[in-house]
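In what follows, a structure is listed as structure tokens, so that the remarks can point back to it.
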2 protein chains.
Amino acid sequence: MRRIALTIAYDGTAYSGWQAQENAVTVEGTLRNAIRRLSGEEVQTVGASRTDAGVHALGNVAVFDTECPIPPERWARALNTFLPDDIRVTESWEASEEFHPRFSAHSKRYEYRITEDPIVNPLRCRFVCGVRGALDVDAMQRGAEQFTGTHDYSAFCSAGAQTPTRIRTITKCEVYRDGQEIVIGVEGNAFLYNMVRILAGTLIEMGRGAIPAESMAEIIESGDRTKAGPTAPPQGLQLVRISYDGE
Amino acid sequence: MRRIALTIAYDGTAYSGWQAQENAVTVEGTLRNAIRRLSGEEVQTVGASRTDAGVHALGNVAVFDTECPIPPERWARALNTFLPDDIRVTESWEASEEFHPRFSAHSKRYEYRITEDPIVNPLRCRFVCGVRGALDVDAMQRGAEQFTGTHDYSAFCSAGAQTPTRIRTITKCEVYRDGQEIVIGVEGNAFLYNMVRILAGTLIEMGRGAIPAESMAEIIESGDRTKAGPTAPPQGLQLVRISYDGE
């Protein structure tokens with residue numbers, strides 16, 4: 001028995017999120033089907049990030065245990081022959097028994113993409129959130145700077161999410177233009193449910209002037225979800241990469 | 001009665017090409033439905049470029065005649081409310097009676113996008129053609145330079161295409177890297193059926209060294225379709241823009 005780890009990229013548009021569900025097409029369910037078709041085994045998979053419906057990934061990570069003799073580095077190419085084009089395994093390797101894709105991660109990077117174009121380019125509409133009117137990127141950047149640190153981020157967590165603690169460490173939060181789009185980049189050791197989408201919704205409100213950029217620290221401190229902006233739509237969000245110690 | 005012209009962008013993945021057909025979902029058919037829902041009129045549309053299934057456009061142009069009193073510049077926004085997100089009207093204006101979106105055009109630009117990544121990024125797979133192995137972009141550039149001029153381009157036209165003459169004028173043909181992708185850009189007054197995809201297939205063969213880059217002029221002169229490379233797949237192709245005199 002060995003533990004195989006996979007790096008997985010996907011366009012989340014067609015999927016009801018990462019997590020396997022009865023009666024819904026999910027990324028994890030599609031991956032498990034591919035593993036079964038390749039190896040004949042019905043495996044349990046564990047993913048690093050349980051991305052929501054419509055959210056994309058360039059580098060999610062999943063593991064499973066297998067008795068199949070396929071060499072670890074060959075799984076990527078072999079699985080891709082059984083996967084649709086909108087899901088690709090970009091790398092595979094053998095992980096130790098102690099490796100857990102979520103708990104072993106020391107940093108994840110998410111990006112949220114926004115367009116101010118009143119008419120969203122149909123070649124980009126799956127990957128950006130459209131906003132009405134121009135945004136003040138400087139104000140968004142000031143708000144983003146205050147988002148880093150180790151805090152209780154309850155104000156940036158969807159109600160009802162169950163987690164033992166809402167304290168997280170955010171190491172980087174930046175806002176910049178990339179061609180026609182505005183990108184929010186955020187890195188940390190772990191994230192709360194909907195945290196990046198609520199951050200994006202809050203920074204968009206700051207870009208509009210509807211929430212003062214200087215109030216970010218205050219919003220975090222309040223612990224009050226209603227003080228932050230709305231949850232921005234899923235399609236703007238991408239899980240870019242996950243880093244592990246020793247990589 | 002007046003003639004309304006539209007600039008239209010679309011992700012062609014979900015459509016059986018531009019041209020309206022019975023029993024198939026096409027860009028033109030979807031546009032006509034939107035016009036009918038907005039104005040109550042059953043109009044005839046004429047498009048500048050009858051793109052194939054899976055081919056994209058940032059700036060196709062179409063016209064129709066209408067008695068509907070909606071001001072010309074308002075059609076874009078109004079039609080978008082009846083169109084899916086993968087088709088957007090980006091501009092609308094009143095055109096003269098003499099204006100024909102294809103015959104009035106003095107220049108069109110197409111781009112063809114290629115990736116050498118052995119695993120095609122699923123966020124780009126709708127918009128690029130994947131090739132195995134690295135391409136020699138310098139060789140492709142040398143082949144592209146020889147493609148310009150006024151010639152009989154029969155070697156770059158799919159068999160059976162009906163057209164009074166296969167003489168066309170290509171004013172620009174370039175190959176360059178754009179991030180992780182290789183782009184073929186080509187401009188001319190008009191194009192033959194599948195011309196850009198056969199050009200792309202030929203330049204890819206030149207990039208692989210399977211066809212000598214220096215033989216482009218010879219291939220054109222031969223007038224022999226079998227001397228050129230294969231027709232490259234549709235998803236790499238985008239109609240970027242159409243220019244008209246006086247614009």
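In the structure tokens, the first chain shown is A, the next is B, and so on; residue numbers restart at 1 for each chain, and ligands run from 1 in the order shown.
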May I ask you to extract the residues of chain A within 8 Å of chain B, using only C-alpha atoms, and to give them as a CSV table (one decimal) with C-alpha atoms, in the first residue's frame?
```csv
chain,number,residue,atom,x,y,z
A,9,ALA,CA,-5.8,21.9,-12.1
A,10,TYR,CA,-9.4,22.5,-13.1
A,11,ASP,CA,-11.9,24.8,-14.6
A,58,LEU,CA,-4.3,25.6,-10.8
A,85,ASP,CA,-10.0,18.3,-20.6
A,86,ASP,CA,-11.3,20.7,-17.9
A,87,ILE,CA,-9.5,18.6,-15.2
A,88,ARG,CA,-5.8,17.9,-15.5
A,90,THR,CA,-0.2,18.1,-13.5
A,119,ILE,CA,-19.3,44.2,-21.1
A,120,VAL,CA,-17.4,41.2,-19.8
A,121,ASN,CA,-15.2,39.6,-22.5
A,122,PRO,CA,-16.9,36.2,-23.2
A,123,LEU,CA,-13.5,34.6,-23.5
A,125,CYS,CA,-16.4,35.3,-18.3
```
Quick one: residues within 8 Å of stretch 35-42 of chain A, only C-alpha atoms, excluding same-chain residues fewer than 5 positions away - as a list of chain:residue names?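 Result of the neighbour search: A:Thr66, A:Cys68, A:Ala78, A:Leu79, A:Phe82.
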Tell me which protein, DNA and RNA residues are within 8 Å of stretch 104-112 of chain A, counting only C-alpha atoms, leaving out same-chain ones fewer than 3 positions away, and put them as JSON, numbers by chain. {"A": [99, 100, 101, 128, 183, 184, 185, 186, 187, 188, 189, 190, 196, 197, 200, 236, 237, 238, 239, 240, 241, 242, 243, 244, 245]}
Of the candidates B:Ala5, B:Thr51, B:Arg142, B:Val131, which one gets nearest to B:Trp75 if we count only C-alpha atoms?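 Looking only at the distances to B:Trp75, the closest residue turns out to be B:Ala5.
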Looking only at the backbone, which of the residues in stretch 14-242 of chain A does DSSP tag as strand (DSSP E or B), as a PyMOL selection string? chain A and resi 46-47+56-66+87-95+105-115+129-130+149-152+167-178+181-188+237-242
Taking 2 positions as the minimum chain separation for residues in the same chain, which residues sit within 6 Å of B:Thr26 when counting only C-alpha atoms? Answer as a ChimeraX atom specification. /B:15-18,20,28-29
Might you pull out every residue within 10 Å of B:Met216, with only C-alpha atoms counted and same-chain residues fewer than 5 positions away left off, and present them as a short mmCIF file (atom, residue, chain, number, x, y, z; two decimals) with N, CA and C atoms, in the first residue's frame?
```cif
data_model
loop_
_atom_site.label_atom_id
_atom_site.label_comp_id
_atom_site.auth_asym_id
_atom_site.auth_seq_id
_atom_site.Cartn_x
_atom_site.Cartn_y
_atom_site.Cartn_z
N ARG B 142 10.17 32.70 -39.84
CA ARG B 142 10.70 32.77 -41.21
C ARG B 142 9.64 32.29 -42.22
N GLY B 143 8.94 31.22 -41.87
CA GLY B 143 7.87 30.74 -42.75
C GLY B 143 6.76 31.78 -42.87
N ALA B 144 6.41 32.42 -41.75
CA ALA B 144 5.32 33.39 -41.73
C ALA B 144 5.63 34.60 -42.61
N GLU B 145 6.89 35.04 -42.60
CA GLU B 145 7.28 36.20 -43.41
C GLU B 145 6.99 35.98 -44.90
N GLN B 146 7.20 34.74 -45.33
CA GLN B 146 6.98 34.41 -46.74
C GLN B 146 5.51 34.27 -47.10
N PHE B 147 4.65 34.32 -46.10
CA PHE B 147 3.23 34.09 -46.37
C PHE B 147 2.52 35.34 -46.88
N LEU B 199 -2.82 27.43 -42.49
CA LEU B 199 -1.58 28.17 -42.22
C LEU B 199 -1.00 27.74 -40.88
N THR B 202 0.52 24.37 -41.01
CA THR B 202 1.77 24.40 -41.77
C THR B 202 2.90 24.99 -40.93
N LEU B 203 2.61 26.09 -40.23
CA LEU B 203 3.65 26.71 -39.39
C LEU B 203 4.04 25.80 -38.23
N MET B 206 6.46 23.47 -39.58
CA MET B 206 7.75 24.17 -39.73
C MET B 206 8.45 24.30 -38.38
N ILE B 211 8.43 20.36 -42.03
CA ILE B 211 8.39 21.07 -43.32
C ILE B 211 9.44 22.19 -43.22
N GLU B 221 3.11 28.68 -54.26
CA GLU B 221 3.21 28.62 -55.71
C GLU B 221 2.65 27.32 -56.29
N SER B 222 2.82 26.22 -55.54
CA SER B 222 2.36 24.91 -56.03
C SER B 222 0.84 24.88 -56.21
N LYS B 227 0.58 19.89 -50.26
CA LYS B 227 1.94 20.34 -49.90
C LYS B 227 1.96 21.10 -48.56
N ALA B 228 0.82 21.70 -48.20
CA ALA B 228 0.73 22.44 -46.93
C ALA B 228 0.49 21.45 -45.79
#
```
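Here atom CA of A:Ala139 is placed at a distance of 15.0 Å from atom CA of A:Ile114.
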Pairwise distance for atom CA of A:Val61 and atom CA of A:Arg113, rounded to one decimal in Å: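 Atom CA of A:Arg113 lies at a distance of 21.6 Å from atom CA of A:Val61.
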Do you know which residues are at most 10 Å from A:Ala14 counting only C-alpha atoms, after dropping those on the same chain fewer than 6 positions away, and could you put them as a PyMOL selection string? chain A and resi 25-27+53-55+86
Take the residues from that selection and write them out as an mmCIF file, in the first residue's frame, keeping N, CA and C atoms.
```
data_model
loop_
_atom_site.group_PDB
_atom_site.id
_atom_site.type_symbol
_atom_site.label_atom_id
_atom_site.label_comp_id
_atom_site.auth_asym_id
_atom_site.auth_seq_id
_atom_site.Cartn_x
_atom_site.Cartn_y
_atom_site.Cartn_z
ATOM 1 N N VAL A 25 -22.199 16.229 -10.114
ATOM 2 C CA VAL A 25 -20.899 16.025 -10.746
ATOM 3 C C VAL A 25 -19.895 16.948 -10.060
ATOM 4 N N THR A 26 -18.916 16.364 -9.408
ATOM 5 C CA THR A 26 -17.917 17.143 -8.679
ATOM 6 C C THR A 26 -16.532 16.794 -9.201
ATOM 7 N N VAL A 27 -15.562 17.634 -8.860
ATOM 8 C CA VAL A 27 -14.186 17.368 -9.296
ATOM 9 C C VAL A 27 -13.671 16.095 -8.621
ATOM 10 N N ALA A 53 -18.557 25.321 -5.826
ATOM 11 C CA ALA A 53 -19.037 25.252 -7.212
ATOM 12 C C ALA A 53 -18.581 26.491 -7.984
ATOM 13 N N GLY A 54 -17.995 26.283 -9.149
ATOM 14 C CA GLY A 54 -17.610 27.405 -10.004
ATOM 15 C C GLY A 54 -16.237 27.972 -9.714
ATOM 16 N N VAL A 55 -15.604 27.532 -8.621
ATOM 17 C CA VAL A 55 -14.251 28.005 -8.272
ATOM 18 C C VAL A 55 -13.228 27.136 -9.001
ATOM 19 N N ASP A 86 -11.212 19.600 -18.841
ATOM 20 C CA ASP A 86 -11.279 20.688 -17.856
ATOM 21 C C ASP A 86 -10.755 20.269 -16.477
#
```
